[in-house]
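Undergrad: Supplied in structure tokens, the structure appears directly below.
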Amino acid sequence: MKHLPKHLQPRWRYLAVALEAWPDADISRSDFQRAVWYAAGNLLGDPGSADADCRVLHFRFEDGTGEAVVRARRGEVGPARAALACVSEVDGHPVGLHVRGVSGTVRTCEERYLGRRAGVRVERRVVFENDRRRGYVRDGNVDVDGPDGFTGATELDLDSEST
Amino acid sequence: MYEAVHAHPDGAATAARVAATAARMGYDGVVIRARDAAPDYPAIREASGIDVVDAVEIAASDPEGASGAVGGLRPDHTLLSVRGGTDRLNRFAVEQERVDVLARPMAGDGDVNHVLANRAAANGVRIEFDFGPVLRSTGGERVRALRDLRKLREVVADAGAPFLVSANPASHLELRASRELVAVGEAVGFDPETVRAGLREWGELADRNRHRRSEAFVEPGVERGRYDG
């Protein structure tokens, strides 16, 4: 079909989203898109969800951290932000999520808010609460593996002999 | 704005990790609702660059147990909250001037009516709006949580009771930035300014209590210091 004249084309806003999860999480674009749609549908209902029209445009996720660009209709950024805040799990993996900023074009969105290279993740033995465990260290943050799953910590929480 | 979190071993991330994440999200401070956690507060303040408030959250099954804990823990912490969730516990918390916060009053079988809200207003006990179930549950559980939140909002507004807002995060992954909480609040019927005020209130409460615990403070209106007319 012939594309719409400019004044009838929808105006969009682009939300730069930072993602975080435990080191064992593996999240794909389609998993995240599904989680966003579910969250929007559950919080805003079908009409609200259709109005916000959240779509995941860019998505990158590796080693427990990632970023995404989520498109929302202009004027619906508030509801879209609320729906994103309600994404607490993606494909069974708990995720932390933070909207870094909102832009009028994908390009400014990426240039201004995304592409901050996270430091390299290093896996090493750490001593946490007098116990030798496996730790995933990045930028001073440490995810410590344990019998009851991971614990989020920082270098400050590690005992001295491991550093 | 401040957020009040559960830190390891009560939650899945240490106080230092949550503070680091909160600083990145733009919070001015975090309140650590410690029960078993005993973090090194000055070190975390320095590392994260934001305020870290030592608080304690009392989770007792009945008022008798909570009463003993309030007496024992009050002197050691800047901020003290009692976790509600039953009518007797809610009643107990709002009657105590020594209690700063009634947390999660609507959890479980708990309920708050106009009588309790008026007592909370009289005693200066902050009632918490818990956004946790709104953010992290679905289906019937969430519907019940939203219904309770609405009732609590109306009762608190009518009584003019002081209130707080928190997402009750138990790890750095459950933390959400203040703008996100405001957006969620708006989606479920809160006035944006109410949510902001509820998030700021944690910091104001901490400031007030720190001042009261300082050497110069004798009682409200009476302070030790130089008189400069």
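Letters A, B, ... mark the chains of the structure tokens in the order given; residue numbers begin at 1 per chain; ligand numbers begin at 1, in order shown.
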Determine, counting only C-alpha atoms, which protein, DNA and RNA residues have an atom within 10 Å of an atom of Val99 (chain A); residues of the same chain fewer than 4 positions away are not included. Present the result as a list of chain:residue names.
TA: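 Answer for this query is A:Leu15, A:Ala16, A:Val17, A:Ala18, A:Leu19, A:Glu67, A:Ala68, A:Val69, A:Val70, A:Arg81, A:Leu84, A:Ala85, A:Tyr113, B:Met25, B:Arg176, B:Ala177, B:Arg179, B:Glu180.
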Undergrad: Export, as a PDB file, in the first residue's frame, the selected residues with C-alpha atoms.
TA:
```pdb
ATOM      1  CA  LEU A  15      13.280   5.042  24.686  1.00  0.00           C
ATOM      2  CA  ALA A  16      16.840   4.003  25.467  1.00  0.00           C
ATOM      3  CA  VAL A  17      16.631   1.075  27.861  1.00  0.00           C
ATOM      4  CA  ALA A  18      19.478  -0.411  29.892  1.00  0.00           C
ATOM      5  CA  LEU A  19      19.092  -4.034  30.946  1.00  0.00           C
ATOM      6  CA  GLU A  67      20.616  -2.290  25.901  1.00  0.00           C
ATOM      7  CA  ALA A  68      17.562  -1.795  23.766  1.00  0.00           C
ATOM      8  CA  VAL A  69      15.741   0.917  21.865  1.00  0.00           C
ATOM      9  CA  VAL A  70      11.982   0.736  22.387  1.00  0.00           C
ATOM     10  CA  ARG A  81       7.679   3.826  30.584  1.00  0.00           C
ATOM     11  CA  LEU A  84       8.657  -1.175  30.797  1.00  0.00           C
ATOM     12  CA  ALA A  85       9.018  -0.741  34.563  1.00  0.00           C
ATOM     13  CA  TYR A 113      22.147   7.273  25.672  1.00  0.00           C
TER      14      TYR A 113
ATOM     15  CA  MET B  25      19.491   5.566  38.369  1.00  0.00           C
ATOM     16  CA  ARG B 176      13.291   0.935  39.330  1.00  0.00           C
ATOM     17  CA  ALA B 177      14.162   4.594  38.768  1.00  0.00           C
ATOM     18  CA  ARG B 179      10.602   8.397  36.888  1.00  0.00           C
ATOM     19  CA  GLU B 180       9.508   4.835  36.200  1.00  0.00           C
TER      20      GLU B 180
END
```
Undergrad: Could you write out as number ranges by chain the residues of chain B within 7 Å of chain A, counting only C-alpha atoms?
TA: B: 12-14, 16-17, 135-136, 172-177, 180, 183-184, 187
Undergrad: To one decimal in Å, tell me the separation between CA of Trp12 (chain A) and CA of Ala72 (chain A).
TA: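 According to the coordinates, CA of Trp12 (chain A) and CA of Ala72 (chain A) are separated by 5.7 Å.
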Undergrad: Can you pull out every residue within 9 Å of region 154-163 of chain B, counting only C-alpha atoms, but drop anything in the same chain fewer than 3 positions away, and send it as a list in words?
TA: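 The residues that qualify are Val101, Val112, Asn113, His114, Val115, Ala117, Asn118, Arg119, Ala120, Ala121, Ala122, Gly124, Val125, Arg126, Ile127, Glu128, Phe129, Leu149, Arg150, Lys151, Ala197, Gly198 and Glu201 of chain B.
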Undergrad: Please give the complete set of residues from chain B that DSSP, run on the backbone, assigns to strand (DSSP E), formatted as a ChimeraX atom specification.
TA: /B:2-5,29-34,51-58,79-83,101-103,126-130,163-166,217-219,222-223
Undergrad: If we count only C-alpha atoms and set the cut-off at 9 Å, which residues sit around Arg11 (chain A), ignoring sequence neighbours fewer than 6 positions away in its own chain? Please answer as a PyMOL selection string.
TA: chain A and resi 72-75+104
Undergrad: With C-alpha atoms kept, could you save the residues just selected as a compact mmCIF listing (two decimals), in the first residue's frame?
TA:
```txt
# COMPACT_ATOMS: atom_id res chain seq x y z
CA ALA A 72 6.51 4.26 21.53
CA ARG A 73 3.94 6.61 20.06
CA ARG A 74 4.55 10.27 20.83
CA GLY A 75 2.36 11.33 23.75
CA GLY A 104 12.83 11.86 18.86
```
Undergrad: Quick check for you: according to DSSP on this backbone, which residues of region 40-156 of chain A are classed as helix (DSSP H, G or I)? Reply as a PyMOL selection string.
TA: chain A and resi 40-52+77-85+106-113+155-156
Undergrad: Could those residues be written to a file, using N, CA and C atoms, as a compact mmCIF listing (two decimals), in the first residue's frame?
TA:
```txt
# COMPACT_ATOMS: atom_id res chain seq x y z
N ALA A 40 2.82 -4.50 28.87
CA ALA A 40 1.95 -3.41 28.42
C ALA A 40 0.50 -3.88 28.42
N GLY A 41 0.26 -5.08 27.93
CA GLY A 41 -1.11 -5.60 27.90
C GLY A 41 -1.69 -5.72 29.29
N ASN A 42 -0.87 -6.22 30.22
CA ASN A 42 -1.37 -6.41 31.58
C ASN A 42 -1.59 -5.11 32.32
N LEU A 43 -0.70 -4.15 32.12
CA LEU A 43 -0.83 -2.90 32.88
C LEU A 43 -1.81 -1.93 32.23
N LEU A 44 -1.72 -1.79 30.90
CA LEU A 44 -2.49 -0.75 30.21
C LEU A 44 -3.76 -1.28 29.57
N GLY A 45 -3.89 -2.60 29.50
CA GLY A 45 -5.03 -3.18 28.81
C GLY A 45 -4.82 -3.14 27.31
N ASP A 46 -5.71 -3.77 26.56
CA ASP A 46 -5.54 -3.81 25.11
C ASP A 46 -5.58 -2.42 24.47
N PRO A 47 -6.53 -1.55 24.84
CA PRO A 47 -6.54 -0.22 24.20
C PRO A 47 -5.28 0.58 24.49
N GLY A 48 -4.86 0.57 25.75
CA GLY A 48 -3.67 1.33 26.14
C GLY A 48 -2.42 0.78 25.48
N SER A 49 -2.38 -0.54 25.40
CA SER A 49 -1.23 -1.20 24.80
C SER A 49 -1.15 -0.87 23.31
N ALA A 50 -2.31 -0.83 22.66
CA ALA A 50 -2.33 -0.50 21.24
C ALA A 50 -1.93 0.96 21.02
N ASP A 51 -2.36 1.83 21.92
CA ASP A 51 -2.00 3.25 21.82
C ASP A 51 -0.49 3.45 21.96
N ALA A 52 0.08 2.80 22.97
CA ALA A 52 1.51 2.97 23.21
C ALA A 52 2.31 2.32 22.09
N VAL A 77 4.57 8.22 25.99
CA VAL A 77 5.83 7.81 26.60
C VAL A 77 5.64 7.41 28.06
N GLY A 78 4.76 8.13 28.76
CA GLY A 78 4.50 7.80 30.17
C GLY A 78 3.98 6.38 30.35
N PRO A 79 2.88 6.03 29.67
CA PRO A 79 2.41 4.65 29.76
C PRO A 79 3.46 3.63 29.31
N ALA A 80 4.23 3.96 28.26
CA ALA A 80 5.25 3.02 27.79
C ALA A 80 6.31 2.81 28.86
N ARG A 81 6.68 3.90 29.51
CA ARG A 81 7.68 3.83 30.58
C ARG A 81 7.15 2.97 31.73
N ALA A 82 5.86 3.15 32.05
CA ALA A 82 5.25 2.37 33.12
C ALA A 82 5.24 0.88 32.76
N ALA A 83 4.91 0.58 31.51
CA ALA A 83 4.87 -0.82 31.09
C ALA A 83 6.27 -1.43 31.17
N LEU A 84 7.29 -0.66 30.74
CA LEU A 84 8.66 -1.17 30.80
C LEU A 84 9.08 -1.45 32.24
N ALA A 85 8.65 -0.56 33.16
CA ALA A 85 9.02 -0.74 34.56
C ALA A 85 8.45 -2.04 35.11
N VAL A 106 15.89 7.56 16.34
CA VAL A 106 16.68 6.43 16.79
C VAL A 106 18.14 6.84 16.92
N ARG A 107 18.56 7.68 15.95
CA ARG A 107 19.97 8.03 15.91
C ARG A 107 20.40 8.80 17.16
N THR A 108 19.64 9.83 17.52
CA THR A 108 20.04 10.58 18.74
C THR A 108 19.90 9.71 19.97
N CYS A 109 18.89 8.85 19.95
CA CYS A 109 18.68 7.96 21.08
C CYS A 109 19.94 7.11 21.32
N GLU A 110 20.46 6.56 20.23
CA GLU A 110 21.65 5.71 20.37
C GLU A 110 22.88 6.53 20.71
N GLU A 111 23.01 7.68 20.02
CA GLU A 111 24.23 8.47 20.23
C GLU A 111 24.29 9.04 21.64
N ARG A 112 23.12 9.46 22.13
CA ARG A 112 23.14 10.14 23.41
C ARG A 112 23.12 9.18 24.60
N TYR A 113 22.37 8.09 24.48
CA TYR A 113 22.15 7.27 25.67
C TYR A 113 22.73 5.86 25.61
N GLU A 155 32.93 -5.03 44.94
CA GLU A 155 34.27 -5.35 45.46
C GLU A 155 34.36 -5.10 46.97
N LEU A 156 33.53 -4.14 47.42
CA LEU A 156 33.51 -3.76 48.83
C LEU A 156 33.10 -4.92 49.73
```
Undergrad: Measuring between only C-alpha atoms, which one of B:Leu199, B:Ala145, B:Val218, B:Ala7 shows the shortest distance to Tyr27 (chain B)?
TA: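 Nearest candidate to Tyr27 (chain B) out of B:Leu199, B:Ala145, B:Val218, B:Ala7: B:Leu199.
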Undergrad: Which residue is closest to Arg60 (chain A)? Choose from A:Gly92, A:Pro147, A:Gly101, A:Gly115 and count only C-alpha atoms.
TA: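 Going through A:Gly92, A:Pro147, A:Gly101, A:Gly115 one by one, the smallest distance to Arg60 (chain A) is for A:Gly115.
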Undergrad: Figure out the distance between CA of Pro105 (chain B) and CA of Leu152 (chain B), please, to one decimal in Å.
TA: 8.8 Å
Undergrad: Show me, as number ranges by chain, the residues that have an atom within 8 Å of Ile27 (chain A) when counting only C-alpha atoms, minus same-chain residues fewer than 2 positions from it.
TA: A: 25, 29, 31-32, 61, 90-91
Undergrad: Those same residues, written as a short mmCIF file (atom, residue, chain, number, x, y, z; two decimals), in the first residue's frame with C-alpha atoms?
TA:
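What landed in selection_9.cif:
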```cif
data_model
loop_
_atom_site.label_atom_id
_atom_site.label_comp_id
_atom_site.auth_asym_id
_atom_site.auth_seq_id
_atom_site.Cartn_x
_atom_site.Cartn_y
_atom_site.Cartn_z
CA ALA A 25 20.72 -15.23 31.73
CA ARG A 29 15.21 -9.85 21.19
CA ASP A 31 11.93 -12.84 24.41
CA PHE A 32 12.25 -9.21 25.43
CA PHE A 61 22.38 -8.53 25.33
CA VAL A 90 12.18 -12.15 30.64
CA ASP A 91 11.84 -15.82 29.76
#
```
Undergrad: Could you work out how far CA of Phe217 (chain B) lies from CA of Asp76 (chain B), giving the answer in Å with one decimal?
TA: 16.7 Å
Undergrad: Using only C-alpha atoms, which residues sit within 10 Å of Ala59 (chain B) once same-chain residues fewer than 6 positions away are excluded, as a count of residues only?
TA: 11
Undergrad: Neighbouring residues of Ala206 (chain B) were defined as those with any atom within 9 Å, considering only C-alpha atoms; residues of the same chain fewer than 4 positions away were excluded. Please report them as JSON, numbers by chain.
TA: {"B": [31, 53, 54, 55, 78, 79, 201, 202, 210, 211]}
